[in-house]
$ cat query-v1.cif   # mmCIF, C-alpha atoms
data_protein
loop_
_atom_site.label_atom_id
_atom_site.label_comp_id
_atom_site.auth_asym_id
_atom_site.auth_seq_id
_atom_site.Cartn_x
_atom_site.Cartn_y
_atom_site.Cartn_z
CA MET H 1 97.75 -28.58 206.64
CA LYS H 2 99.19 -30.79 203.89
CA THR H 3 99.40 -33.91 206.07
CA ASN H 4 95.71 -33.48 206.93
CA SER H 5 94.71 -33.26 203.26
CA ASN H 6 96.65 -36.48 202.63
CA TYR H 7 94.77 -38.03 205.52
CA LEU H 8 91.42 -37.06 204.00
CA GLU H 9 92.45 -38.56 200.67
CA ARG H 10 93.71 -41.85 202.15
CA THR H 11 90.79 -42.52 204.48
CA LYS H 12 87.66 -41.75 202.46
CA LYS H 13 85.82 -44.92 203.52
CA SER H 14 86.51 -44.13 207.17
CA ALA H 15 85.04 -40.67 206.61
CA ASP H 16 81.91 -42.12 204.98
CA PHE H 17 81.44 -44.75 207.67
CA TYR H 18 82.05 -42.22 210.44
CA HIS H 19 79.35 -39.97 208.99
CA LYS H 20 76.94 -42.93 209.15
CA ALA H 21 78.02 -43.73 212.71
CA THR H 22 77.14 -40.20 213.88
CA GLN H 23 73.50 -40.98 213.10
CA PHE H 24 73.45 -43.77 215.69
CA LEU H 25 76.27 -43.01 218.16
CA PRO H 26 76.88 -39.69 219.95
CA GLY H 27 79.84 -38.19 218.15
CA GLY H 28 80.09 -41.36 216.07
CA VAL H 29 82.02 -43.24 218.78
CA THR H 30 81.35 -45.45 221.81
CA ALA H 31 84.03 -43.76 223.94
CA ASN H 32 85.28 -40.17 223.75
CA ILE H 33 88.88 -41.33 223.74
CA LYS H 34 88.34 -43.03 220.36
CA TYR H 35 87.61 -39.72 218.63
CA PHE H 36 90.00 -37.27 217.02
CA ASP H 37 89.58 -34.48 214.44
CA PRO H 38 88.54 -34.51 211.66
CA TYR H 39 87.32 -38.10 212.20
CA PRO H 40 88.85 -41.31 213.57
CA ILE H 41 90.08 -44.11 211.34
CA VAL H 42 87.72 -47.09 211.20
CA MET H 43 89.64 -50.36 211.38
CA GLU H 44 88.56 -53.57 209.67
CA ARG H 45 91.08 -56.24 210.70
CA ALA H 46 94.32 -56.79 212.58
CA ASP H 47 97.16 -59.27 212.94
CA GLY H 48 100.28 -59.21 215.10
CA ALA H 49 101.61 -55.65 215.08
CA ASN H 50 99.43 -54.49 212.19
CA LEU H 51 96.02 -52.94 211.52
CA TRP H 52 94.12 -52.44 208.26
CA ASP H 53 91.44 -49.79 207.81
CA LEU H 54 88.37 -49.75 205.57
CA ASP H 55 90.46 -48.30 202.73
CA GLN H 56 92.92 -51.21 203.14
CA ASN H 57 95.71 -48.94 204.34
CA ASP H 58 98.03 -50.90 206.59
CA TYR H 59 99.42 -49.51 209.85
CA ILE H 60 101.99 -50.63 212.38
CA ASP H 61 99.97 -50.34 215.57
CA TYR H 62 101.47 -48.46 218.52
CA ASN H 63 98.14 -47.75 220.15
CA LEU H 64 97.50 -51.44 220.91
CA CYS H 65 94.11 -50.67 222.47
CA TYR H 66 95.81 -48.03 224.64
CA GLY H 67 98.45 -50.49 225.79
CA ALA H 68 96.27 -53.51 226.56
CA LEU H 69 97.62 -55.81 223.82
CA ILE H 70 101.12 -56.59 225.04
CA LEU H 71 101.14 -59.81 222.95
CA GLY H 72 99.84 -58.03 219.84
CA HIS H 73 96.70 -58.72 217.82
CA GLY H 74 95.28 -62.23 217.43
CA ASN H 75 97.97 -63.93 219.49
CA GLU H 76 97.76 -67.70 218.94
CA ARG H 77 98.42 -68.47 222.58
CA ILE H 78 95.39 -66.44 223.65
CA ILE H 79 93.14 -67.90 220.95
CA THR H 80 94.13 -71.47 221.84
CA THR H 81 93.65 -70.79 225.55
CA LEU H 82 90.13 -69.47 224.98
CA GLN H 83 89.19 -72.43 222.80
CA GLU H 84 90.51 -74.92 225.36
CA GLN H 85 88.83 -73.09 228.23
CA LEU H 86 85.45 -73.11 226.49
CA GLN H 87 85.77 -76.79 225.69
CA GLN H 88 86.86 -77.63 229.24
CA ILE H 89 84.23 -75.73 231.24
CA GLY H 90 81.33 -75.95 228.76
CA THR H 91 80.00 -72.45 229.43
CA MET H 92 80.84 -68.80 228.93
CA ILE H 93 80.54 -68.03 232.64
CA PHE H 94 79.54 -69.88 235.82
CA GLY H 95 78.16 -67.06 237.95
CA THR H 96 79.76 -68.87 240.91
CA PRO H 97 83.27 -69.10 242.34
CA HIS H 98 85.70 -71.04 240.14
CA CYS H 99 89.32 -72.14 240.33
CA LEU H 100 90.85 -69.54 238.00
CA GLU H 101 89.82 -66.71 240.32
CA THR H 102 92.12 -68.03 243.03
CA GLU H 103 94.85 -69.07 240.58
CA VAL H 104 95.13 -65.61 239.01
CA ALA H 105 94.82 -63.89 242.41
CA GLU H 106 97.69 -66.03 243.71
CA LYS H 107 99.77 -65.03 240.68
CA LEU H 108 99.16 -61.33 241.40
CA VAL H 109 100.07 -61.78 245.06
CA ASP H 110 103.34 -63.41 243.96
CA LEU H 111 104.20 -60.65 241.48
CA TYR H 112 103.11 -57.40 243.18
CA PRO H 113 104.77 -56.38 246.47
CA SER H 114 101.68 -54.52 247.73
CA ILE H 115 99.12 -57.22 246.97
CA GLU H 116 98.08 -59.65 249.71
CA SER H 117 94.45 -60.12 248.66
CA VAL H 118 92.55 -59.50 245.40
CA ARG H 119 89.13 -58.57 244.06
CA PHE H 120 88.41 -58.68 240.31
CA THR H 121 86.35 -56.06 238.47
CA ASN H 122 85.33 -55.48 234.86
CA SER H 123 87.57 -52.49 234.17
CA GLY H 124 90.41 -50.44 235.53
CA LEU H 125 87.85 -47.72 236.24
CA GLU H 126 85.94 -50.05 238.58
CA ALA H 127 89.20 -51.08 240.25
CA THR H 128 90.16 -47.49 241.14
CA GLN H 129 86.58 -46.80 242.24
CA LEU H 130 86.64 -49.73 244.67
CA ALA H 131 90.11 -48.73 245.90
CA ILE H 132 88.79 -45.29 246.85
CA ARG H 133 85.74 -46.80 248.58
CA LEU H 134 87.97 -49.15 250.55
CA ALA H 135 90.25 -46.28 251.59
CA MET H 136 87.33 -44.18 252.77
CA GLY H 137 85.82 -47.13 254.60
CA TRP H 138 89.16 -47.89 256.25
CA THR H 139 89.94 -44.34 257.39
CA GLY H 140 86.44 -42.92 257.91
CA ARG H 141 87.56 -39.79 256.04
CA LYS H 142 85.84 -38.15 253.05
CA LYS H 143 88.42 -36.31 250.98
CA LEU H 144 90.44 -37.74 248.09
CA ALA H 145 93.79 -36.35 246.96
CA LYS H 146 94.77 -36.87 243.33
CA PHE H 147 97.54 -35.54 241.13
CA GLU H 148 97.22 -32.97 238.41
CA GLY H 149 97.21 -34.64 235.00
CA HIS H 150 96.55 -38.17 236.31
CA TYR H 151 93.63 -40.17 234.90
CA HIS H 152 91.81 -42.85 236.91
CA GLY H 153 88.64 -43.46 234.91
CA GLY H 154 85.58 -41.64 233.66
CA TYR H 155 83.57 -41.21 236.86
CA ASP H 156 82.66 -38.12 238.88
CA GLN H 157 85.10 -38.56 241.74
CA VAL H 158 88.25 -38.45 239.60
CA LEU H 159 87.27 -36.34 236.57
CA ILE H 160 89.05 -33.40 238.12
CA SER H 161 92.28 -31.76 236.87
CA VAL H 162 93.05 -34.56 234.41
CA ASN H 163 93.55 -31.95 231.70
CA PRO H 164 94.70 -28.90 233.69
CA SER H 165 95.41 -25.37 232.55
CA LEU H 166 98.93 -24.02 232.21
CA ARG H 167 100.09 -22.42 235.46
CA ASP H 168 103.15 -20.90 237.05
CA GLN H 169 104.85 -23.84 238.73
CA ASN H 170 105.43 -21.78 241.86
CA GLU H 171 101.65 -21.74 242.27
CA LEU H 172 99.71 -24.65 243.72
CA PRO H 173 97.59 -26.60 241.20
CA ALA H 174 94.00 -25.44 240.83
CA LEU H 175 90.97 -27.70 240.92
CA LYS H 176 89.44 -27.93 237.44
CA GLU H 177 86.36 -29.91 236.40
CA ASP H 178 86.92 -32.07 233.33
CA SER H 179 83.26 -32.77 232.62
CA ARG H 180 79.86 -31.28 232.95
CA GLY H 181 77.55 -32.92 235.47
CA ILE H 182 80.02 -33.37 238.34
CA PRO H 183 78.25 -32.79 241.68
CA ASP H 184 79.63 -30.10 243.97
CA TYR H 185 80.29 -32.78 246.60
CA TYR H 186 83.27 -34.13 244.64
CA LYS H 187 84.70 -30.69 243.98
CA GLU H 188 84.46 -29.90 247.68
CA ASN H 189 86.08 -33.18 248.71
CA THR H 190 88.92 -33.43 246.18
CA VAL H 191 92.42 -32.07 246.72
CA VAL H 192 94.77 -31.64 243.73
CA LEU H 193 98.50 -32.28 244.09
CA PRO H 194 101.52 -31.49 241.84
CA PHE H 195 103.33 -34.59 240.59
CA ASN H 196 107.07 -34.83 241.30
CA ASP H 197 106.98 -31.79 243.61
CA LEU H 198 107.43 -33.14 247.14
CA GLU H 199 107.57 -29.76 248.87
CA GLN H 200 104.23 -28.54 247.51
CA THR H 201 102.64 -31.98 247.94
CA GLU H 202 103.65 -32.13 251.61
CA GLU H 203 102.33 -28.61 252.17
CA ILE H 204 98.91 -29.53 250.77
CA LEU H 205 98.67 -32.92 252.52
CA SER H 206 99.61 -31.46 255.88
CA GLN H 207 96.83 -28.89 255.52
CA TYR H 208 94.18 -31.60 255.02
CA LYS H 209 95.85 -34.45 256.89
CA ASP H 210 92.85 -35.28 259.08
CA GLU H 211 90.37 -35.18 256.17
CA ILE H 212 92.13 -37.07 253.37
CA ALA H 213 91.31 -40.77 253.11
CA ALA H 214 93.59 -41.57 250.19
CA VAL H 215 96.14 -40.30 247.75
CA ILE H 216 95.55 -41.93 244.36
CA MET H 217 98.21 -41.64 241.68
CA GLU H 218 99.67 -43.05 238.51
CA PRO H 219 103.17 -43.89 239.73
CA ILE H 220 104.26 -43.07 236.17
CA GLN H 221 102.13 -40.13 235.08
CA GLY H 222 100.12 -40.92 231.95
CA GLY H 223 102.10 -44.15 231.76
CA TYR H 224 105.17 -42.32 230.46
CA ILE H 225 106.39 -39.50 232.79
CA PRO H 226 108.64 -41.22 235.35
CA PRO H 227 108.54 -40.27 239.03
CA ASP H 228 111.47 -38.80 240.83
CA LEU H 229 112.42 -41.56 243.27
CA HIS H 230 112.98 -39.04 246.07
CA PHE H 231 109.46 -37.76 245.48
CA LEU H 232 107.94 -41.24 245.49
CA LYS H 233 109.76 -42.25 248.70
CA GLY H 234 108.82 -38.98 250.36
CA LEU H 235 105.16 -39.37 249.43
CA ARG H 236 105.11 -42.87 250.91
CA GLU H 237 106.57 -41.52 254.17
CA ILE H 238 104.08 -38.64 254.34
CA THR H 239 101.04 -40.88 253.74
CA LEU H 240 102.22 -43.29 256.41
CA LYS H 241 102.78 -40.39 258.83
CA TYR H 242 99.24 -39.07 258.38
CA GLY H 243 97.47 -42.43 258.11
CA ILE H 244 96.49 -41.76 254.48
CA VAL H 245 95.96 -44.76 252.20
CA LEU H 246 98.31 -44.66 249.20
CA ILE H 247 96.75 -46.06 246.01
CA PHE H 248 98.83 -46.86 242.94
CA ASP H 249 96.76 -46.86 239.77
CA GLU H 250 98.83 -49.31 237.71
CA VAL H 251 96.19 -49.87 235.04
CA LYS H 252 98.60 -48.48 232.42
CA THR H 253 101.90 -49.57 234.00
CA GLY H 254 100.96 -53.03 235.28
CA PHE H 255 103.17 -55.56 233.39
CA ARG H 256 104.30 -52.79 231.01
CA VAL H 257 107.22 -51.47 233.07
CA GLY H 258 108.06 -54.89 234.46
CA LEU H 259 106.22 -57.96 235.68
CA SER H 260 105.68 -56.26 239.05
CA GLY H 261 104.67 -52.90 237.65
CA ALA H 262 106.03 -49.53 238.75
CA GLN H 263 106.07 -50.56 242.41
CA GLY H 264 108.46 -53.38 241.57
CA ARG H 265 110.56 -51.13 239.38
CA TYR H 266 110.97 -48.39 242.00
CA GLY H 267 110.74 -50.41 245.21
CA ILE H 268 107.84 -48.42 246.68
CA THR H 269 104.93 -50.36 248.19
CA PRO H 270 101.51 -48.66 248.23
CA ASP H 271 98.57 -49.79 250.37
CA LEU H 272 96.32 -50.60 247.42
CA THR H 273 96.98 -51.26 243.73
CA ALA H 274 94.58 -51.07 240.77
CA LEU H 275 95.30 -53.15 237.64
CA GLY H 276 93.66 -53.57 234.23
CA LYS H 277 94.52 -53.45 230.50
CA VAL H 278 97.32 -56.04 230.02
CA LEU H 279 95.80 -58.23 232.75
CA GLY H 280 92.82 -59.01 230.49
CA GLY H 281 94.77 -60.26 227.49
CA GLY H 282 92.63 -58.06 225.24
CA PHE H 283 89.39 -58.43 227.19
CA PRO H 284 87.80 -56.07 229.75
CA ILE H 285 89.10 -56.58 233.27
CA GLY H 286 90.26 -54.81 236.38
CA ALA H 287 91.68 -55.92 239.70
CA ILE H 288 92.22 -54.29 243.04
CA GLY H 289 94.68 -55.72 245.52
CA GLY H 290 96.51 -54.64 248.63
CA ARG H 291 96.87 -54.97 252.37
CA LYS H 292 94.71 -57.84 253.61
CA GLU H 293 93.18 -55.90 256.48
CA ILE H 294 91.95 -53.20 254.10
CA MET H 295 90.79 -55.64 251.43
CA ASP H 296 88.86 -57.65 254.03
CA LEU H 297 86.50 -54.70 254.48
CA CYS H 298 84.63 -55.91 251.38
CA SER H 299 84.41 -59.50 252.60
CA PRO H 300 80.75 -60.60 252.85
CA THR H 301 81.63 -62.82 255.83
CA GLY H 302 82.09 -59.70 257.93
CA GLY H 303 79.08 -57.82 256.60
CA ALA H 304 76.24 -58.84 254.35
CA ASP H 305 75.04 -59.13 250.78
CA ILE H 306 72.80 -56.07 250.46
CA LEU H 307 71.02 -57.65 247.49
CA THR H 308 69.80 -60.61 249.53
CA THR H 309 66.69 -59.81 251.57
CA ASP H 310 66.95 -61.42 254.98
CA SER H 311 65.07 -60.14 258.04
CA THR H 312 67.07 -62.40 260.38
CA ARG H 313 70.51 -60.97 259.64
CA ASN H 314 72.34 -59.12 262.35
CA LYS H 315 71.56 -55.40 262.08
CA GLU H 316 74.99 -54.39 263.36
CA ARG H 317 76.72 -56.49 260.72
CA SER H 318 74.49 -55.29 257.88
CA SER H 319 75.15 -51.64 258.76
CA ASN H 320 78.89 -52.26 258.51
CA VAL H 321 78.86 -53.35 254.87
CA LEU H 322 81.48 -52.18 252.37
CA PHE H 323 79.76 -53.43 249.28
CA HIS H 324 81.39 -54.67 246.11
CA SER H 325 79.90 -56.92 243.48
CA GLY H 326 79.53 -57.42 239.72
CA THR H 327 77.90 -60.16 237.64
CA TYR H 328 80.94 -60.55 235.39
CA ASN H 329 83.68 -60.13 237.99
CA GLY H 330 86.30 -62.85 237.60
CA HIS H 331 84.97 -63.98 234.21
CA PRO H 332 86.60 -67.39 233.52
CA LEU H 333 87.40 -66.74 229.85
CA ILE H 334 88.97 -63.36 230.60
CA LEU H 335 91.01 -64.71 233.49
CA ALA H 336 92.23 -67.55 231.27
CA ALA H 337 93.34 -65.02 228.63
CA GLY H 338 94.96 -62.87 231.31
CA LEU H 339 96.84 -65.76 232.89
CA ALA H 340 98.08 -66.87 229.46
CA THR H 341 99.32 -63.32 228.84
CA ILE H 342 101.20 -63.18 232.14
CA GLN H 343 102.75 -66.60 231.53
CA ALA H 344 103.90 -65.50 228.08
CA ILE H 345 105.73 -62.42 229.34
CA GLU H 346 107.12 -64.36 232.32
CA GLU H 347 109.13 -66.59 229.96
CA THR H 348 112.86 -65.98 230.12
CA GLY H 349 113.97 -62.94 228.17
CA VAL H 350 110.54 -61.95 226.82
CA TYR H 351 110.04 -58.79 228.86
CA SER H 352 113.68 -57.69 228.70
CA GLU H 353 113.60 -58.06 224.91
CA LEU H 354 110.41 -56.00 224.72
CA GLU H 355 112.00 -53.21 226.72
CA SER H 356 115.18 -53.42 224.66
CA LYS H 357 113.20 -53.02 221.42
CA THR H 358 111.35 -50.06 222.91
CA LEU H 359 114.62 -48.34 223.75
CA ARG H 360 115.94 -49.01 220.24
CA LEU H 361 112.83 -47.50 218.68
CA ARG H 362 113.03 -44.47 220.93
CA ALA H 363 116.72 -43.90 220.15
CA GLY H 364 116.01 -44.22 216.42
CA MET H 365 113.15 -41.72 216.56
CA GLU H 366 115.21 -39.22 218.53
CA ASP H 367 118.08 -39.55 216.02
CA ILE H 368 115.69 -38.92 213.11
CA MET H 369 114.10 -35.89 214.79
CA ASN H 370 117.54 -34.50 215.56
CA ARG H 371 118.79 -35.00 211.97
CA TYR H 372 115.79 -33.16 210.53
CA GLY H 373 115.88 -30.33 213.07
CA LEU H 374 112.73 -31.34 214.94
CA ARG H 375 113.35 -30.36 218.56
CA GLY H 376 111.94 -33.09 220.73
CA GLN H 377 112.50 -36.14 222.89
CA THR H 378 110.92 -39.44 223.80
CA VAL H 379 109.80 -39.79 227.40
CA GLY H 380 108.87 -43.10 228.98
CA GLU H 381 109.63 -46.21 230.97
CA GLY H 382 109.52 -49.89 230.07
CA SER H 383 107.46 -50.57 226.95
CA ILE H 384 105.58 -47.23 226.94
CA PHE H 385 106.75 -43.81 225.80
CA ASN H 386 105.58 -40.56 224.29
CA ILE H 387 107.06 -37.90 222.03
CA VAL H 388 107.31 -34.47 223.65
CA LEU H 389 108.39 -31.65 221.36
CA SER H 390 110.40 -29.76 223.92
CA GLU H 391 114.08 -29.70 224.87
CA HIS H 392 113.33 -29.09 228.55
CA PRO H 393 113.12 -31.90 231.13
CA VAL H 394 109.66 -33.46 231.42
CA ASN H 395 108.75 -34.08 235.07
CA GLN H 396 105.01 -33.41 235.15
CA ILE H 397 102.00 -32.43 233.05
CA GLN H 398 102.93 -28.72 233.18
CA ASP H 399 106.13 -29.51 231.25
CA VAL H 400 104.09 -31.29 228.58
CA LEU H 401 101.68 -28.34 228.37
CA ARG H 402 104.68 -26.12 227.49
CA SER H 403 105.66 -28.31 224.52
CA ASP H 404 104.77 -27.69 220.85
CA PHE H 405 101.36 -29.32 220.36
CA SER H 406 100.70 -27.83 216.93
CA VAL H 407 103.79 -29.42 215.39
CA ARG H 408 103.15 -32.65 217.32
CA LYS H 409 99.69 -32.89 215.70
CA GLU H 410 101.24 -32.35 212.27
CA LEU H 411 103.82 -35.03 213.03
CA ASP H 412 101.15 -37.49 214.15
CA PHE H 413 99.08 -37.04 211.00
CA SER H 414 102.24 -37.26 208.91
CA ILE H 415 103.19 -40.63 210.43
CA LEU H 416 99.57 -41.82 210.22
CA ASN H 417 99.78 -41.19 206.49
CA GLN H 418 102.97 -43.27 206.43
CA GLY H 419 101.26 -46.16 208.22
CA ILE H 420 102.16 -45.72 211.91
CA PHE H 421 99.03 -45.82 214.03
CA ILE H 422 98.59 -43.92 217.26
CA LYS H 423 95.82 -41.60 218.26
CA PRO H 424 97.24 -38.07 217.70
CA LEU H 425 98.96 -36.67 220.82
CA ASN H 426 98.85 -40.07 222.51
CA ARG H 427 101.56 -42.35 223.86
CA PHE H 428 103.21 -45.32 222.11
CA SER H 429 103.05 -48.89 223.41
CA LEU H 430 104.92 -51.93 222.07
CA SER H 431 104.09 -55.63 222.00
CA ILE H 432 106.09 -58.81 221.54
CA ALA H 433 104.73 -58.83 217.96
CA HIS H 434 106.90 -55.77 217.25
CA THR H 435 109.90 -57.70 215.95
CA ASP H 436 113.23 -56.18 214.92
CA GLU H 437 111.94 -56.12 211.34
CA VAL H 438 108.84 -54.23 212.46
CA ILE H 439 111.00 -51.74 214.38
CA ASN H 440 113.17 -51.18 211.30
CA GLU H 441 110.10 -50.61 209.12
CA THR H 442 108.66 -48.25 211.73
CA LEU H 443 111.82 -46.15 211.68
CA ASN H 444 111.71 -46.01 207.87
CA ARG H 445 108.09 -44.84 207.98
CA PHE H 446 108.81 -42.41 210.81
CA GLU H 447 111.67 -40.84 208.85
CA ALA H 448 109.42 -40.46 205.82
CA GLY H 449 106.82 -38.78 208.02
CA VAL H 450 109.32 -36.40 209.62
CA LYS H 451 110.81 -35.62 206.19
CA GLN H 452 107.32 -34.78 204.92
CA LEU H 453 107.03 -32.15 207.64
#

$ encode --input "query-v1.cif" --output "structure tokens"
Amino acid sequence: MKTNSNYLERTKKSADFYHKATQFLPGGVTANIKYFDPYPIVMERADGANLWDLDQNDYIDYNLCYGALILGHGNERIITTLQEQLQQIGTMIFGTPHCLETEVAEKLVDLYPSIESVRFTNSGLEATQLAIRLAMGWTGRKKLAKFEGHYHGGYDQVLISVNPSLRDQNELPALKEDSRGIPDYYKENTVVLPFNDLEQTEEILSQYKDEIAAVIMEPIQGGYIPPDLHFLKGLREITLKYGIVLIFDEVKTGFRVGLSGAQGRYGITPDLTALGKVLGGGFPIGAIGGRKEIMDLCSPTGGADILTTDSTRNKERSSNVLFHSGTYNGHPLILAAGLATIQAIEETGVYSELESKTLRLRAGMEDIMNRYGLRGQTVGEGSIFNIVLSEHPVNQIQDVLRSDFSVRKELDFSILNQGIFIKPLNRFSLSIAHTDEVINETLNRFEAGVKQL
């Protein structure tokens, strides 16, 4: 592939460094998602909307740490906030309650319709994990229902049918393990649902209605495939009917499809919501929020701290614990960065301008693909989208699986060589650092990449 040979020529220092990294890191990376064939680009510095690799190639960044950097790289507001916070509190972390925990929690309660109470975690993964534990503790049931193609973190319980096989859409989705080492327990207690197919979803949920504790979902699949509103409303009605906890995993969509996430955009209120990415302002964070009566299950005032040895504690209370903890939960520096990020995108016109620029970029890309005979479309909501090389409607992962992946890979390497950075086959995210000038330059580079194909 010509674009691949150009890639090898442009990124020789990345290749050399990656070879060294494989001696010390499994696969040369610290997370599987950072890898792609033949080797990932090693970045050296960043500023605003741009990245520079070891070979000093510059890129307009549309990966943005998989959507986390909604203000772009090295935002001055975040840097100043961190400096002031350090100077004010005199420590990296207290290890005790502090004021920012309540301040940020109150902000989330104000913004998200489903959130009445909040717990902070260190990642979106931990947030979804706690949400599932809360749902199972609340209902006393053991099974989890998740949607085909939806990702909720890299742990056993949800590493099922994230990357499904192609199937006839008249058939029900099959359960597929996405990793070695998953205990049979999770396979036996996981139910897989088809996104945007209310009839099949209702059929499956009714079959297991007395066993399913929760339905967990990305309200926008992969952050870019929008839900059918009829489907989303119907799912909410079904889960209420059967007493199933509905969990929205808004780690990708939180603040990226509006200040109140997908639930604010579509007017559907889940029982629990998981947040992450944008909420950390570029630092690791997660949050779980929802109905107060469910959230209160993890309150230590109603149970006990299992890590504190105390022979006098009430045995009945200690056996009723729903445990959640974490040394770095509610880290003051991260919450300061997150609050500064929210305040920045709350300013008048900031989010609407970001979405407007995203739509302009998408329209420009579609026009270029059309002019050069590349059959495809952009699919997304808010400030996230993806390119799907198919002319058919995209309603779920099965529609994406039927698109042209081989040409998409060629396109992605072609635009990488022109200085547009995304991980091949991944979605695009924008930041407020993507100015009109940056969008114009992106379209110029994108056209050059498409023309090269």

$ residues_around --input "query-v1.cif" --residues "stretch 440-449 of chain H" --least-positions-apart "2" --cutoff "10 Å" --atoms "only C-alpha atoms" --output "PyMOL selection string"
chain H and resi 3+59-62+360-362+364-365+367-369+371-372+410-420+434-438+451-453

$ residues_around --input "query-v1.cif" --residues "stretch 270-279 of chain H" --least-positions-apart "4" --cutoff "6 Å" --atoms "all atoms listed in the file" --output "list of chain:residue names"
H:Ala68, H:Ser114, H:Gly124, H:Ala127, H:Thr128, H:Val245, H:Leu246, H:Ile247, H:Phe248, H:Asp249, H:Glu250, H:Val251, H:Ile285, H:Gly286, H:Ala287, H:Ile288, H:Gly289, H:Gly290, H:Arg291, H:Gly338

$ resolve_selection --input "query-v1.cif" --expression "the PyMOL selection byres ((chain H and resi 38) around 10)" --output "ChimeraX atom specification"
/H:4,7-8,15,35-37,39-41

$ residues_around --input "query-v1.cif" --residues "H:Glu103" --least-positions-apart "4" --cutoff "10 Å" --atoms "all atoms listed in the file" --output "VMD selection string"
chain H and resid 98 to 99 107 to 108 335 to 336 339

$ resolve_selection --input "query-v1.cif" --expression "the PyMOL selection byres ((chain H and resi 195-197) around 6)" --output "PyMOL selection string"
chain H and resi 147+194+198-200+228+231+396

$ atom_distance --input "query-v1.cif" --atom1 "atom CA of H:Ser5" --atom2 "atom CA of H:Ser390"
26.2 Å

$ build_atoms --input "query-v1.cif" --residues "stretch 15-27 of chain H" --atoms "N, CA, C and O atoms" --output "short mmCIF file (atom, residue, chain, number, x, y, z; two decimals), in the frame of the given file"
data_model
loop_
_atom_site.label_atom_id
_atom_site.label_comp_id
_atom_site.auth_asym_id
_atom_site.auth_seq_id
_atom_site.Cartn_x
_atom_site.Cartn_y
_atom_site.Cartn_z
N ALA H 15 85.85 -41.90 206.52
CA ALA H 15 85.04 -40.67 206.61
C ALA H 15 83.57 -40.98 206.35
O ALA H 15 82.69 -40.51 207.08
N ASP H 16 83.29 -41.77 205.32
CA ASP H 16 81.91 -42.12 204.98
C ASP H 16 81.26 -42.93 206.10
O ASP H 16 80.10 -42.67 206.47
N PHE H 17 82.01 -43.91 206.62
CA PHE H 17 81.44 -44.75 207.67
C PHE H 17 81.24 -43.94 208.95
O PHE H 17 80.24 -44.13 209.66
N TYR H 18 82.19 -43.05 209.24
CA TYR H 18 82.05 -42.22 210.44
C TYR H 18 80.80 -41.35 210.35
O TYR H 18 80.07 -41.20 211.33
N HIS H 19 80.55 -40.79 209.17
CA HIS H 19 79.35 -39.97 208.99
C HIS H 19 78.09 -40.80 209.28
O HIS H 19 77.16 -40.32 209.94
N LYS H 20 78.07 -42.05 208.84
CA LYS H 20 76.94 -42.93 209.15
C LYS H 20 76.85 -43.18 210.65
O LYS H 20 75.76 -43.17 211.25
N ALA H 21 77.99 -43.42 211.28
CA ALA H 21 78.02 -43.73 212.71
C ALA H 21 77.45 -42.60 213.55
O ALA H 21 76.82 -42.84 214.59
N THR H 22 77.65 -41.34 213.10
CA THR H 22 77.14 -40.20 213.88
C THR H 22 75.62 -40.19 213.96
O THR H 22 75.05 -39.52 214.83
N GLN H 23 74.97 -40.92 213.06
CA GLN H 23 73.50 -40.98 213.10
C GLN H 23 73.01 -41.89 214.23
O GLN H 23 71.85 -41.80 214.64
N PHE H 24 73.87 -42.78 214.71
CA PHE H 24 73.45 -43.77 215.69
C PHE H 24 74.23 -43.71 217.00
O PHE H 24 73.77 -44.25 218.02
N LEU H 25 75.40 -43.09 216.98
CA LEU H 25 76.27 -43.01 218.16
C LEU H 25 76.60 -41.55 218.43
O LEU H 25 76.95 -40.82 217.49
N PRO H 26 76.51 -41.07 219.66
CA PRO H 26 76.88 -39.69 219.95
C PRO H 26 78.33 -39.41 219.55
O PRO H 26 79.25 -40.06 220.06
N GLY H 27 78.50 -38.49 218.62
CA GLY H 27 79.84 -38.19 218.15
C GLY H 27 80.44 -39.28 217.29
O GLY H 27 81.62 -39.23 216.94
#
